$ cat structure.cif   # mmCIF, N, CA and C atoms
data_structure
#
loop_
_atom_site.group_PDB
_atom_site.id
_atom_site.type_symbol
_atom_site.label_atom_id
_atom_site.label_comp_id
_atom_site.auth_asym_id
_atom_site.auth_seq_id
_atom_site.Cartn_x
_atom_site.Cartn_y
_atom_site.Cartn_z
ATOM 1 N N MET Q 225 -118.045 60.400 -67.135
ATOM 2 C CA MET Q 225 -118.508 61.334 -66.133
ATOM 3 C C MET Q 225 -117.849 62.691 -66.371
ATOM 4 N N LYS Q 226 -118.624 63.731 -66.341
ATOM 5 C CA LYS Q 226 -118.086 65.068 -66.578
ATOM 6 C C LYS Q 226 -117.718 65.712 -65.245
ATOM 7 N N ASN Q 227 -116.593 66.399 -65.266
ATOM 8 C CA ASN Q 227 -116.118 67.099 -64.079
ATOM 9 C C ASN Q 227 -116.291 68.596 -64.261
ATOM 10 N N LYS Q 228 -116.748 69.256 -63.209
ATOM 11 C CA LYS Q 228 -116.861 70.713 -63.214
ATOM 12 C C LYS Q 228 -115.693 71.251 -62.408
ATOM 13 N N VAL Q 229 -114.914 72.117 -63.056
ATOM 14 C CA VAL Q 229 -113.713 72.662 -62.433
ATOM 15 C C VAL Q 229 -113.683 74.163 -62.668
ATOM 16 N N THR Q 230 -113.427 74.919 -61.608
ATOM 17 C CA THR Q 230 -113.267 76.365 -61.741
ATOM 18 C C THR Q 230 -111.772 76.647 -61.802
ATOM 19 N N VAL Q 231 -111.358 77.350 -62.852
ATOM 20 C CA VAL Q 231 -109.952 77.687 -63.037
ATOM 21 C C VAL Q 231 -109.813 79.191 -63.191
ATOM 22 N N SER Q 232 -108.606 79.670 -62.944
ATOM 23 C CA SER Q 232 -108.316 81.085 -63.109
ATOM 24 C C SER Q 232 -107.318 81.243 -64.250
ATOM 25 N N ILE Q 233 -107.714 82.044 -65.228
ATOM 26 C CA ILE Q 233 -106.841 82.327 -66.371
ATOM 27 C C ILE Q 233 -106.783 83.834 -66.531
ATOM 28 N N ALA Q 234 -105.585 84.366 -66.459
ATOM 29 C CA ALA Q 234 -105.360 85.810 -66.594
ATOM 30 C C ALA Q 234 -106.230 86.599 -65.625
ATOM 31 N N GLY Q 235 -106.366 86.081 -64.415
ATOM 32 C CA GLY Q 235 -107.099 86.784 -63.377
ATOM 33 C C GLY Q 235 -108.611 86.660 -63.453
ATOM 34 N N GLN Q 236 -109.107 85.876 -64.382
ATOM 35 C CA GLN Q 236 -110.547 85.693 -64.514
ATOM 36 C C GLN Q 236 -110.904 84.236 -64.223
ATOM 37 N N GLU Q 237 -112.023 84.057 -63.550
ATOM 38 C CA GLU Q 237 -112.488 82.710 -63.209
ATOM 39 C C GLU Q 237 -113.328 82.143 -64.358
ATOM 40 N N TYR Q 238 -113.095 80.876 -64.659
ATOM 41 C CA TYR Q 238 -113.848 80.175 -65.693
ATOM 42 C C TYR Q 238 -114.320 78.844 -65.134
ATOM 43 N N ASN Q 239 -115.580 78.534 -65.360
ATOM 44 C CA ASN Q 239 -116.125 77.235 -64.968
ATOM 45 C C ASN Q 239 -116.020 76.306 -66.165
ATOM 46 N N MET Q 240 -115.243 75.266 -65.988
ATOM 47 C CA MET Q 240 -115.000 74.329 -67.070
ATOM 48 C C MET Q 240 -115.747 73.029 -66.794
ATOM 49 N N VAL Q 241 -116.257 72.413 -67.839
ATOM 50 C CA VAL Q 241 -116.861 71.093 -67.740
ATOM 51 C C VAL Q 241 -116.081 70.204 -68.706
ATOM 52 N N ALA Q 242 -115.515 69.115 -68.167
ATOM 53 C CA ALA Q 242 -114.662 68.260 -68.986
ATOM 54 C C ALA Q 242 -114.777 66.811 -68.543
ATOM 55 N N VAL Q 243 -114.486 65.918 -69.462
ATOM 56 C CA VAL Q 243 -114.455 64.497 -69.102
ATOM 57 C C VAL Q 243 -113.130 64.145 -68.432
ATOM 58 N N GLU Q 244 -112.112 64.972 -68.644
ATOM 59 C CA GLU Q 244 -110.821 64.742 -68.020
ATOM 60 C C GLU Q 244 -110.906 65.064 -66.530
ATOM 61 N N ASP Q 245 -109.953 64.531 -65.774
ATOM 62 C CA ASP Q 245 -109.979 64.781 -64.333
ATOM 63 C C ASP Q 245 -109.556 66.215 -64.009
ATOM 64 N N GLU Q 246 -109.842 66.619 -62.800
ATOM 65 C CA GLU Q 246 -109.610 68.000 -62.363
ATOM 66 C C GLU Q 246 -108.142 68.393 -62.498
ATOM 67 N N GLU Q 247 -107.258 67.501 -62.144
ATOM 68 C CA GLU Q 247 -105.826 67.805 -62.209
ATOM 69 C C GLU Q 247 -105.404 68.159 -63.634
ATOM 70 N N TYR Q 248 -105.897 67.402 -64.602
ATOM 71 C CA TYR Q 248 -105.564 67.665 -65.999
ATOM 72 C C TYR Q 248 -106.115 69.013 -66.451
ATOM 73 N N VAL Q 249 -107.371 69.292 -66.109
ATOM 74 C CA VAL Q 249 -107.995 70.566 -66.494
ATOM 75 C C VAL Q 249 -107.206 71.728 -65.902
ATOM 76 N N ARG Q 250 -106.797 71.597 -64.655
ATOM 77 C CA ARG Q 250 -106.002 72.655 -64.016
ATOM 78 C C ARG Q 250 -104.636 72.805 -64.688
ATOM 79 N N LYS Q 251 -104.063 71.697 -65.095
ATOM 80 C CA LYS Q 251 -102.769 71.746 -65.792
ATOM 81 C C LYS Q 251 -102.895 72.499 -67.116
ATOM 82 N N VAL Q 252 -103.950 72.197 -67.863
ATOM 83 C CA VAL Q 252 -104.177 72.878 -69.149
ATOM 84 C C VAL Q 252 -104.430 74.364 -68.918
ATOM 85 N N ALA Q 253 -105.294 74.666 -67.956
ATOM 86 C CA ALA Q 253 -105.597 76.066 -67.648
ATOM 87 C C ALA Q 253 -104.336 76.799 -67.195
ATOM 88 N N GLY Q 254 -103.505 76.128 -66.412
ATOM 89 C CA GLY Q 254 -102.252 76.740 -65.968
ATOM 90 C C GLY Q 254 -101.330 77.057 -67.132
ATOM 91 N N HIS Q 255 -101.312 76.172 -68.105
ATOM 92 C CA HIS Q 255 -100.482 76.408 -69.296
ATOM 93 C C HIS Q 255 -100.988 77.625 -70.066
ATOM 94 N N VAL Q 256 -102.296 77.685 -70.270
ATOM 95 C CA VAL Q 256 -102.891 78.818 -70.990
ATOM 96 C C VAL Q 256 -102.633 80.110 -70.210
ATOM 97 N N ASP Q 257 -102.855 80.064 -68.910
ATOM 98 C CA ASP Q 257 -102.625 81.234 -68.060
ATOM 99 C C ASP Q 257 -101.172 81.694 -68.179
ATOM 100 N N GLY Q 258 -100.257 80.758 -68.103
ATOM 101 C CA GLY Q 258 -98.833 81.091 -68.217
ATOM 102 C C GLY Q 258 -98.488 81.730 -69.549
ATOM 103 N N GLN Q 259 -99.073 81.190 -70.617
ATOM 104 C CA GLN Q 259 -98.804 81.745 -71.945
ATOM 105 C C GLN Q 259 -99.347 83.168 -72.066
ATOM 106 N N ILE Q 260 -100.543 83.396 -71.561
ATOM 107 C CA ILE Q 260 -101.130 84.742 -71.623
ATOM 108 C C ILE Q 260 -100.297 85.709 -70.799
ATOM 109 N N ARG Q 261 -99.951 85.307 -69.590
ATOM 110 C CA ARG Q 261 -99.145 86.183 -68.728
ATOM 111 C C ARG Q 261 -97.790 86.478 -69.350
ATOM 112 N N GLU Q 262 -97.209 85.487 -70.000
ATOM 113 C CA GLU Q 262 -95.902 85.678 -70.643
ATOM 114 C C GLU Q 262 -95.963 86.720 -71.748
ATOM 115 N N VAL Q 263 -96.981 86.653 -72.616
ATOM 116 C CA VAL Q 263 -97.049 87.619 -73.724
ATOM 117 C C VAL Q 263 -97.470 89.002 -73.241
ATOM 118 N N MET Q 264 -98.183 89.048 -72.132
ATOM 119 C CA MET Q 264 -98.641 90.341 -71.629
ATOM 120 C C MET Q 264 -97.649 90.979 -70.662
ATOM 121 N N GLU Q 265 -96.627 90.232 -70.260
ATOM 122 C CA GLU Q 265 -95.696 90.688 -69.234
ATOM 123 C C GLU Q 265 -95.041 92.034 -69.559
ATOM 124 N N ASN Q 266 -94.506 92.158 -70.738
ATOM 125 C CA ASN Q 266 -93.787 93.375 -71.099
ATOM 126 C C ASN Q 266 -94.502 94.208 -72.152
ATOM 127 N N GLU Q 267 -95.727 93.869 -72.416
ATOM 128 C CA GLU Q 267 -96.486 94.576 -73.447
ATOM 129 C C GLU Q 267 -97.729 95.198 -72.829
ATOM 130 N N ARG Q 268 -98.134 96.284 -73.407
ATOM 131 C CA ARG Q 268 -99.410 96.885 -72.998
ATOM 132 C C ARG Q 268 -100.468 96.387 -73.972
ATOM 133 N N LEU Q 269 -101.025 95.246 -73.621
ATOM 134 C CA LEU Q 269 -102.018 94.620 -74.484
ATOM 135 C C LEU Q 269 -103.323 94.461 -73.724
ATOM 136 N N SER Q 270 -104.400 94.446 -74.476
ATOM 137 C CA SER Q 270 -105.679 94.092 -73.866
ATOM 138 C C SER Q 270 -105.661 92.589 -73.609
ATOM 139 N N LEU Q 271 -106.543 92.141 -72.753
ATOM 140 C CA LEU Q 271 -106.630 90.712 -72.484
ATOM 141 C C LEU Q 271 -106.945 89.946 -73.760
ATOM 142 N N ALA Q 272 -107.822 90.504 -74.591
ATOM 143 C CA ALA Q 272 -108.177 89.837 -75.852
ATOM 144 C C ALA Q 272 -106.951 89.684 -76.752
ATOM 145 N N ASN Q 273 -106.160 90.754 -76.888
ATOM 146 C CA ASN Q 273 -104.963 90.671 -77.722
ATOM 147 C C ASN Q 273 -103.931 89.726 -77.118
ATOM 148 N N GLY Q 274 -103.810 89.748 -75.799
ATOM 149 C CA GLY Q 274 -102.898 88.818 -75.132
ATOM 150 C C GLY Q 274 -103.328 87.382 -75.344
ATOM 151 N N ALA Q 275 -104.642 87.143 -75.280
ATOM 152 C CA ALA Q 275 -105.156 85.790 -75.502
ATOM 153 C C ALA Q 275 -104.892 85.327 -76.932
ATOM 154 N N VAL Q 276 -105.038 86.246 -77.894
ATOM 155 C CA VAL Q 276 -104.774 85.878 -79.289
ATOM 156 C C VAL Q 276 -103.299 85.548 -79.480
ATOM 157 N N LEU Q 277 -102.413 86.370 -78.931
ATOM 158 C CA LEU Q 277 -100.981 86.085 -79.059
ATOM 159 C C LEU Q 277 -100.623 84.780 -78.361
ATOM 160 N N ALA Q 278 -101.195 84.546 -77.191
ATOM 161 C CA ALA Q 278 -100.947 83.287 -76.478
ATOM 162 C C ALA Q 278 -101.460 82.107 -77.302
ATOM 163 N N ALA Q 279 -102.637 82.263 -77.906
ATOM 164 C CA ALA Q 279 -103.181 81.195 -78.750
ATOM 165 C C ALA Q 279 -102.259 80.923 -79.938
ATOM 166 N N MET Q 280 -101.701 81.983 -80.514
ATOM 167 C CA MET Q 280 -100.747 81.807 -81.618
ATOM 168 C C MET Q 280 -99.512 81.043 -81.152
ATOM 169 N N ASN Q 281 -98.998 81.387 -79.967
ATOM 170 C CA ASN Q 281 -97.834 80.682 -79.427
ATOM 171 C C ASN Q 281 -98.149 79.210 -79.169
ATOM 172 N N ILE Q 282 -99.326 78.958 -78.593
ATOM 173 C CA ILE Q 282 -99.724 77.573 -78.312
ATOM 174 C C ILE Q 282 -99.900 76.795 -79.618
ATOM 175 N N ALA Q 283 -100.521 77.429 -80.618
ATOM 176 C CA ALA Q 283 -100.695 76.769 -81.914
ATOM 177 C C ALA Q 283 -99.341 76.495 -82.562
ATOM 178 N N ASP Q 284 -98.409 77.445 -82.451
ATOM 179 C CA ASP Q 284 -97.064 77.250 -82.980
ATOM 180 C C ASP Q 284 -96.393 76.058 -82.305
ATOM 181 N N GLN Q 285 -96.477 75.991 -80.993
ATOM 182 C CA GLN Q 285 -95.909 74.856 -80.257
ATOM 183 C C GLN Q 285 -96.550 73.545 -80.715
ATOM 184 N N TYR Q 286 -97.866 73.560 -80.869
ATOM 185 C CA TYR Q 286 -98.592 72.371 -81.291
ATOM 186 C C TYR Q 286 -98.102 71.883 -82.656
ATOM 187 N N PHE Q 287 -98.019 72.794 -83.631
ATOM 188 C CA PHE Q 287 -97.599 72.395 -84.966
ATOM 189 C C PHE Q 287 -96.142 71.948 -84.995
ATOM 190 N N ARG Q 288 -95.288 72.586 -84.195
ATOM 191 C CA ARG Q 288 -93.894 72.138 -84.120
ATOM 192 C C ARG Q 288 -93.803 70.742 -83.515
ATOM 193 N N GLU Q 289 -94.590 70.485 -82.486
ATOM 194 C CA GLU Q 289 -94.604 69.155 -81.867
ATOM 195 C C GLU Q 289 -95.168 68.116 -82.825
ATOM 196 N N GLN Q 290 -96.184 68.496 -83.592
ATOM 197 C CA GLN Q 290 -96.729 67.576 -84.597
ATOM 198 C C GLN Q 290 -95.657 67.215 -85.622
ATOM 199 N N ALA Q 291 -94.904 68.210 -86.085
ATOM 200 C CA ALA Q 291 -93.852 67.964 -87.068
ATOM 201 C C ALA Q 291 -92.769 67.077 -86.465
ATOM 202 N N ALA Q 292 -92.409 67.330 -85.211
ATOM 203 C CA ALA Q 292 -91.393 66.509 -84.550
ATOM 204 C C ALA Q 292 -91.885 65.068 -84.391
ATOM 205 N N ALA Q 293 -93.157 64.912 -84.024
ATOM 206 C CA ALA Q 293 -93.722 63.570 -83.876
ATOM 207 C C ALA Q 293 -93.747 62.845 -85.220
ATOM 208 N N GLU Q 294 -94.108 63.559 -86.277
ATOM 209 C CA GLU Q 294 -94.127 62.951 -87.609
ATOM 210 C C GLU Q 294 -92.718 62.548 -88.027
ATOM 211 N N ASN Q 295 -91.741 63.378 -87.711
ATOM 212 C CA ASN Q 295 -90.355 63.050 -88.020
ATOM 213 C C ASN Q 295 -89.934 61.781 -87.268
ATOM 214 N N LEU Q 296 -90.310 61.681 -86.005
ATOM 215 C CA LEU Q 296 -89.991 60.479 -85.235
ATOM 216 C C LEU Q 296 -90.683 59.248 -85.814
ATOM 217 N N ARG Q 297 -91.962 59.400 -86.205
ATOM 218 C CA ARG Q 297 -92.669 58.271 -86.823
ATOM 219 C C ARG Q 297 -91.958 57.819 -88.096
ATOM 220 N N ARG Q 298 -91.505 58.794 -88.897
ATOM 221 C CA ARG Q 298 -90.794 58.468 -90.135
ATOM 222 C C ARG Q 298 -89.496 57.730 -89.822
ATOM 223 N N GLN Q 299 -88.760 58.221 -88.814
ATOM 224 C CA GLN Q 299 -87.509 57.568 -88.446
ATOM 225 C C GLN Q 299 -87.746 56.154 -87.932
ATOM 226 N N ILE Q 300 -88.798 55.971 -87.158
ATOM 227 C CA ILE Q 300 -89.127 54.633 -86.651
ATOM 228 C C ILE Q 300 -89.486 53.711 -87.810
ATOM 229 N N LYS Q 301 -90.309 54.221 -88.742
ATOM 230 C CA LYS Q 301 -90.697 53.415 -89.904
ATOM 231 C C LYS Q 301 -89.469 53.010 -90.702
ATOM 232 N N GLU Q 302 -88.561 53.969 -90.936
ATOM 233 C CA GLU Q 302 -87.342 53.661 -91.680
ATOM 234 C C GLU Q 302 -86.491 52.642 -90.928
ATOM 235 N N GLY Q 303 -86.424 52.781 -89.609
ATOM 236 C CA GLY Q 303 -85.662 51.828 -88.804
ATOM 237 C C GLY Q 303 -86.264 50.438 -88.869
ATOM 238 N N LEU Q 304 -87.584 50.348 -88.823
ATOM 239 C CA LEU Q 304 -88.247 49.049 -88.920
ATOM 240 C C LEU Q 304 -88.040 48.425 -90.296
ATOM 241 N N GLU Q 305 -88.092 49.251 -91.334
ATOM 242 C CA GLU Q 305 -87.851 48.746 -92.684
ATOM 243 C C GLU Q 305 -86.417 48.241 -92.819
ATOM 244 N N GLU Q 306 -85.464 48.985 -92.263
ATOM 245 C CA GLU Q 306 -84.061 48.563 -92.306
ATOM 246 C C GLU Q 306 -83.862 47.275 -91.516
ATOM 247 N N THR Q 307 -84.523 47.168 -90.374
ATOM 248 C CA THR Q 307 -84.434 45.953 -89.567
ATOM 249 C C THR Q 307 -84.977 44.754 -90.331
ATOM 250 N N ALA Q 308 -86.119 44.929 -90.994
ATOM 251 C CA ALA Q 308 -86.703 43.842 -91.785
ATOM 252 C C ALA Q 308 -85.750 43.430 -92.910
ATOM 253 N N LYS Q 309 -85.141 44.413 -93.543
ATOM 254 C CA LYS Q 309 -84.194 44.135 -94.624
ATOM 255 C C LYS Q 309 -82.988 43.357 -94.085
ATOM 256 N N LEU Q 310 -82.474 43.775 -92.941
ATOM 257 C CA LEU Q 310 -81.327 43.082 -92.350
ATOM 258 C C LEU Q 310 -81.693 41.665 -91.911
ATOM 259 N N LYS Q 311 -82.914 41.480 -91.414
ATOM 260 C CA LYS Q 311 -83.359 40.133 -91.042
ATOM 261 C C LYS Q 311 -83.407 39.230 -92.271
ATOM 262 N N ASP Q 312 -83.902 39.775 -93.374
ATOM 263 C CA ASP Q 312 -83.939 38.992 -94.617
ATOM 264 C C ASP Q 312 -82.534 38.631 -95.063
ATOM 265 N N GLU Q 313 -81.622 39.592 -94.995
ATOM 266 C CA GLU Q 313 -80.234 39.329 -95.378
ATOM 267 C C GLU Q 313 -79.607 38.287 -94.462
ATOM 268 N N LEU Q 314 -79.889 38.365 -93.165
ATOM 269 C CA LEU Q 314 -79.368 37.403 -92.211
ATOM 270 C C LEU Q 314 -79.896 36.005 -92.521
ATOM 271 N N SER Q 315 -81.177 35.907 -92.817
ATOM 272 C CA SER Q 315 -81.760 34.610 -93.165
ATOM 273 C C SER Q 315 -81.097 34.034 -94.414
ATOM 274 N N GLU Q 316 -80.868 34.886 -95.397
ATOM 275 C CA GLU Q 316 -80.201 34.443 -96.626
ATOM 276 C C GLU Q 316 -78.781 33.968 -96.329
ATOM 277 N N CYS Q 317 -78.078 34.705 -95.481
ATOM 278 C CA CYS Q 317 -76.715 34.297 -95.116
ATOM 279 C C CYS Q 317 -76.725 32.961 -94.380
ATOM 280 N N LYS Q 318 -77.676 32.758 -93.496
ATOM 281 C CA LYS Q 318 -77.781 31.487 -92.768
ATOM 282 C C LYS Q 318 -78.051 30.330 -93.736
ATOM 283 N N ARG Q 319 -78.912 30.569 -94.736
ATOM 284 C CA ARG Q 319 -79.179 29.533 -95.739
ATOM 285 C C ARG Q 319 -77.912 29.194 -96.518
ATOM 286 N N GLU Q 320 -77.157 30.231 -96.886
ATOM 287 C CA GLU Q 320 -75.913 30.003 -97.625
ATOM 288 C C GLU Q 320 -74.908 29.228 -96.769
ATOM 289 N N ILE Q 321 -74.799 29.581 -95.509
ATOM 290 C CA ILE Q 321 -73.887 28.873 -94.603
ATOM 291 C C ILE Q 321 -74.320 27.411 -94.483
ATOM 292 N N PHE Q 322 -75.620 27.190 -94.326
ATOM 293 C CA PHE Q 322 -76.131 25.821 -94.221
ATOM 294 C C PHE Q 322 -75.797 25.017 -95.472
ATOM 295 N N LYS Q 323 -76.004 25.637 -96.659
ATOM 296 C CA LYS Q 323 -75.688 24.951 -97.937
ATOM 297 C C LYS Q 323 -74.216 24.605 -97.998
ATOM 298 N N LEU Q 324 -73.348 25.555 -97.627
ATOM 299 C CA LEU Q 324 -71.911 25.331 -97.692
ATOM 300 C C LEU Q 324 -71.469 24.237 -96.728
ATOM 301 N N GLN Q 325 -72.069 24.201 -95.552
ATOM 302 C CA GLN Q 325 -71.711 23.194 -94.553
ATOM 303 C C GLN Q 325 -72.164 21.811 -94.984
ATOM 304 N N ASN Q 326 -73.241 21.717 -95.713
ATOM 305 C CA ASN Q 326 -73.776 20.414 -96.125
ATOM 306 C C ASN Q 326 -73.149 19.900 -97.408
ATOM 307 N N LYS Q 327 -72.323 20.682 -98.092
ATOM 308 C CA LYS Q 327 -71.643 20.228 -99.318
ATOM 309 C C LYS Q 327 -70.458 19.340 -98.985
ATOM 310 N N LYS Q 328 -69.951 19.375 -97.780
ATOM 311 C CA LYS Q 328 -68.749 18.625 -97.400
ATOM 312 C C LYS Q 328 -68.979 17.161 -97.278
#
$ encode --input "structure.cif" --output "structure tokens"
Amino acid sequence: MKNKVTVSIAGQEYNMVAVEDEEYVRKVAGHVDGQIREVMENERLSLANGAVLAAMNIADQYFREQAAAENLRRQIKEGLEETAKLKDELSECKREIFKLQNKK
């Protein structure tokens, strides 16, 4: 189901149609609005230039978060590989202990 939501970004009203709920759409619009207002706060920029700078900031945040997520995925993968290796070593040690105990 598509939701129609009117949001305000940089003082302009926009009618949005989205499958996400209204709260989410407003949250996204609020983030964009905040980014535009932040870059335009101390600069004499047109709305178009402010929107481009805000888009650059948002894209920068996105790519940094992607890199951080990839780093976390790599660390998790390495941790899982190390865990598997340690489990194999533990199993081998248990077999050796069993052999030693049964030699008596």
$ select_by_dssp --input "structure.cif" --residues "chain Q" --states "strand (DSSP E or B)" --output "list in words"
Asn227, Lys228, Val229, Thr230, Val231, Ser232, Ile233, Gln236, Glu237, Tyr238, Asn239, Met240, Val241 and Ala242 of chain Q
$ residues_around --input "structure.cif" --residues "Ala253 of chain Q" --least-positions-apart "5" --cutoff "6.5 Å" --atoms "only N, CA and C atoms" --output "ChimeraX atom specification"
/Q:232-233,248,258
$ closest_residue --input "structure.cif" --among "Q:Leu324, Q:Val249, Q:Ala292, Q:Ala272" --to "Val229 of chain Q" --atoms "all atoms listed in the file"
Q:Val249
$ residues_around --input "structure.cif" --residues "Val256 of chain Q" --least-positions-apart "2" --cutoff "8 Å" --atoms "all atoms listed in the file" --output "PDB file with N, CA and C atoms, keeping the file's coordinate frame"
ATOM      1  N   SER Q 232    -108.606  79.670 -62.944  1.00  0.00           N
ATOM      2  CA  SER Q 232    -108.316  81.085 -63.109  1.00  0.00           C
ATOM      3  C   SER Q 232    -107.318  81.243 -64.250  1.00  0.00           C
ATOM      4  N   ILE Q 233    -107.714  82.044 -65.228  1.00  0.00           N
ATOM      5  CA  ILE Q 233    -106.841  82.327 -66.371  1.00  0.00           C
ATOM      6  C   ILE Q 233    -106.783  83.834 -66.531  1.00  0.00           C
ATOM      7  N   ALA Q 234    -105.585  84.366 -66.459  1.00  0.00           N
ATOM      8  CA  ALA Q 234    -105.360  85.810 -66.594  1.00  0.00           C
ATOM      9  C   ALA Q 234    -106.230  86.599 -65.625  1.00  0.00           C
ATOM     10  N   ARG Q 250    -106.797  71.597 -64.655  1.00  0.00           N
ATOM     11  CA  ARG Q 250    -106.002  72.655 -64.016  1.00  0.00           C
ATOM     12  C   ARG Q 250    -104.636  72.805 -64.688  1.00  0.00           C
ATOM     13  N   LYS Q 251    -104.063  71.697 -65.095  1.00  0.00           N
ATOM     14  CA  LYS Q 251    -102.769  71.746 -65.792  1.00  0.00           C
ATOM     15  C   LYS Q 251    -102.895  72.499 -67.116  1.00  0.00           C
ATOM     16  N   VAL Q 252    -103.950  72.197 -67.863  1.00  0.00           N
ATOM     17  CA  VAL Q 252    -104.177  72.878 -69.149  1.00  0.00           C
ATOM     18  C   VAL Q 252    -104.430  74.364 -68.918  1.00  0.00           C
ATOM     19  N   ALA Q 253    -105.294  74.666 -67.956  1.00  0.00           N
ATOM     20  CA  ALA Q 253    -105.597  76.066 -67.648  1.00  0.00           C
ATOM     21  C   ALA Q 253    -104.336  76.799 -67.195  1.00  0.00           C
ATOM     22  N   GLY Q 254    -103.505  76.128 -66.412  1.00  0.00           N
ATOM     23  CA  GLY Q 254    -102.252  76.740 -65.968  1.00  0.00           C
ATOM     24  C   GLY Q 254    -101.330  77.057 -67.132  1.00  0.00           C
ATOM     25  N   GLY Q 258    -100.257  80.758 -68.103  1.00  0.00           N
ATOM     26  CA  GLY Q 258     -98.833  81.091 -68.217  1.00  0.00           C
ATOM     27  C   GLY Q 258     -98.488  81.730 -69.549  1.00  0.00           C
ATOM     28  N   GLN Q 259     -99.073  81.190 -70.617  1.00  0.00           N
ATOM     29  CA  GLN Q 259     -98.804  81.745 -71.945  1.00  0.00           C
ATOM     30  C   GLN Q 259     -99.347  83.168 -72.066  1.00  0.00           C
ATOM     31  N   ILE Q 260    -100.543  83.396 -71.561  1.00  0.00           N
ATOM     32  CA  ILE Q 260    -101.130  84.742 -71.623  1.00  0.00           C
ATOM     33  C   ILE Q 260    -100.297  85.709 -70.799  1.00  0.00           C
ATOM     34  N   ARG Q 261     -99.951  85.307 -69.590  1.00  0.00           N
ATOM     35  CA  ARG Q 261     -99.145  86.183 -68.728  1.00  0.00           C
ATOM     36  C   ARG Q 261     -97.790  86.478 -69.350  1.00  0.00           C
ATOM     37  N   GLU Q 262     -97.209  85.487 -70.000  1.00  0.00           N
ATOM     38  CA  GLU Q 262     -95.902  85.678 -70.643  1.00  0.00           C
ATOM     39  C   GLU Q 262     -95.963  86.720 -71.748  1.00  0.00           C
ATOM     40  N   ALA Q 278    -101.195  84.546 -77.191  1.00  0.00           N
ATOM     41  CA  ALA Q 278    -100.947  83.287 -76.478  1.00  0.00           C
ATOM     42  C   ALA Q 278    -101.460  82.107 -77.302  1.00  0.00           C
ATOM     43  N   ALA Q 279    -102.637  82.263 -77.906  1.00  0.00           N
ATOM     44  CA  ALA Q 279    -103.181  81.195 -78.750  1.00  0.00           C
ATOM     45  C   ALA Q 279    -102.259  80.923 -79.938  1.00  0.00           C
TER      46      ALA Q 279
END
$ closest_residue --input "structure.cif" --among "Q:Asp245, Q:Asp257, Q:Glu294, Q:Glu289" --to "Leu271 of chain Q" --atoms "only C-alpha atoms"
Q:Asp257
$ atom_distance --input "structure.cif" --atom1 "atom CA of Ala308 of chain Q" --atom2 "atom C of Phe322 of chain Q"
22.1 Å
$ select_by_dssp --input "structure.cif" --residues "chain Q" --states "helix (DSSP H, G or I)" --output "ChimeraX atom specification"
/Q:246-264,271-326
$ atom_distance --input "structure.cif" --atom1 "atom C of Lys228 of chain Q" --atom2 "atom N of Met240 of chain Q"
5.4 Å
$ axis_aligned_box --input "structure.cif" --around "segment 284-303 of chain Q" --padding-each-side "5 Å" --output "AutoDock Vina command-line options"
--center_x -92.1 --center_y 63.9 --center_z -86.0 --size_x 22.9 --size_y 37.0 --size_z 21.4
$ atom_distance --input "structure.cif" --atom1 "atom CA of Ala242 of chain Q" --atom2 "atom CA of Ile282 of chain Q"
19.9 Å
$ build_atoms --input "structure.cif" --residues "segment 296-304 of chain Q" --atoms "N, CA, C and O atoms" --output "PDB file, in the frame of the given file"
ATOM      1  N   LEU Q 296     -90.310  61.681 -86.005  1.00  0.00           N
ATOM      2  CA  LEU Q 296     -89.991  60.479 -85.235  1.00  0.00           C
ATOM      3  C   LEU Q 296     -90.683  59.248 -85.814  1.00  0.00           C
ATOM      4  O   LEU Q 296     -90.076  58.167 -85.908  1.00  0.00           O
ATOM      5  N   ARG Q 297     -91.962  59.400 -86.205  1.00  0.00           N
ATOM      6  CA  ARG Q 297     -92.669  58.271 -86.823  1.00  0.00           C
ATOM      7  C   ARG Q 297     -91.958  57.819 -88.096  1.00  0.00           C
ATOM      8  O   ARG Q 297     -91.814  56.621 -88.351  1.00  0.00           O
ATOM      9  N   ARG Q 298     -91.505  58.794 -88.897  1.00  0.00           N
ATOM     10  CA  ARG Q 298     -90.794  58.468 -90.135  1.00  0.00           C
ATOM     11  C   ARG Q 298     -89.496  57.730 -89.822  1.00  0.00           C
ATOM     12  O   ARG Q 298     -89.172  56.713 -90.448  1.00  0.00           O
ATOM     13  N   GLN Q 299     -88.760  58.221 -88.814  1.00  0.00           N
ATOM     14  CA  GLN Q 299     -87.509  57.568 -88.446  1.00  0.00           C
ATOM     15  C   GLN Q 299     -87.746  56.154 -87.932  1.00  0.00           C
ATOM     16  O   GLN Q 299     -86.985  55.234 -88.255  1.00  0.00           O
ATOM     17  N   ILE Q 300     -88.798  55.971 -87.158  1.00  0.00           N
ATOM     18  CA  ILE Q 300     -89.127  54.633 -86.651  1.00  0.00           C
ATOM     19  C   ILE Q 300     -89.486  53.711 -87.810  1.00  0.00           C
ATOM     20  O   ILE Q 300     -89.024  52.565 -87.875  1.00  0.00           O
ATOM     21  N   LYS Q 301     -90.309  54.221 -88.742  1.00  0.00           N
ATOM     22  CA  LYS Q 301     -90.697  53.415 -89.904  1.00  0.00           C
ATOM     23  C   LYS Q 301     -89.469  53.010 -90.702  1.00  0.00           C
ATOM     24  O   LYS Q 301     -89.323  51.850 -91.097  1.00  0.00           O
ATOM     25  N   GLU Q 302     -88.561  53.969 -90.936  1.00  0.00           N
ATOM     26  CA  GLU Q 302     -87.342  53.661 -91.680  1.00  0.00           C
ATOM     27  C   GLU Q 302     -86.491  52.642 -90.928  1.00  0.00           C
ATOM     28  O   GLU Q 302     -85.924  51.727 -91.530  1.00  0.00           O
ATOM     29  N   GLY Q 303     -86.424  52.781 -89.609  1.00  0.00           N
ATOM     30  CA  GLY Q 303     -85.662  51.828 -88.804  1.00  0.00           C
ATOM     31  C   GLY Q 303     -86.264  50.438 -88.869  1.00  0.00           C
ATOM     32  O   GLY Q 303     -85.529  49.437 -88.968  1.00  0.00           O
ATOM     33  N   LEU Q 304     -87.584  50.348 -88.823  1.00  0.00           N
ATOM     34  CA  LEU Q 304     -88.247  49.049 -88.920  1.00  0.00           C
ATOM     35  C   LEU Q 304     -88.040  48.425 -90.296  1.00  0.00           C
ATOM     36  O   LEU Q 304     -87.819  47.215 -90.412  1.00  0.00           O
TER      37      LEU Q 304
END
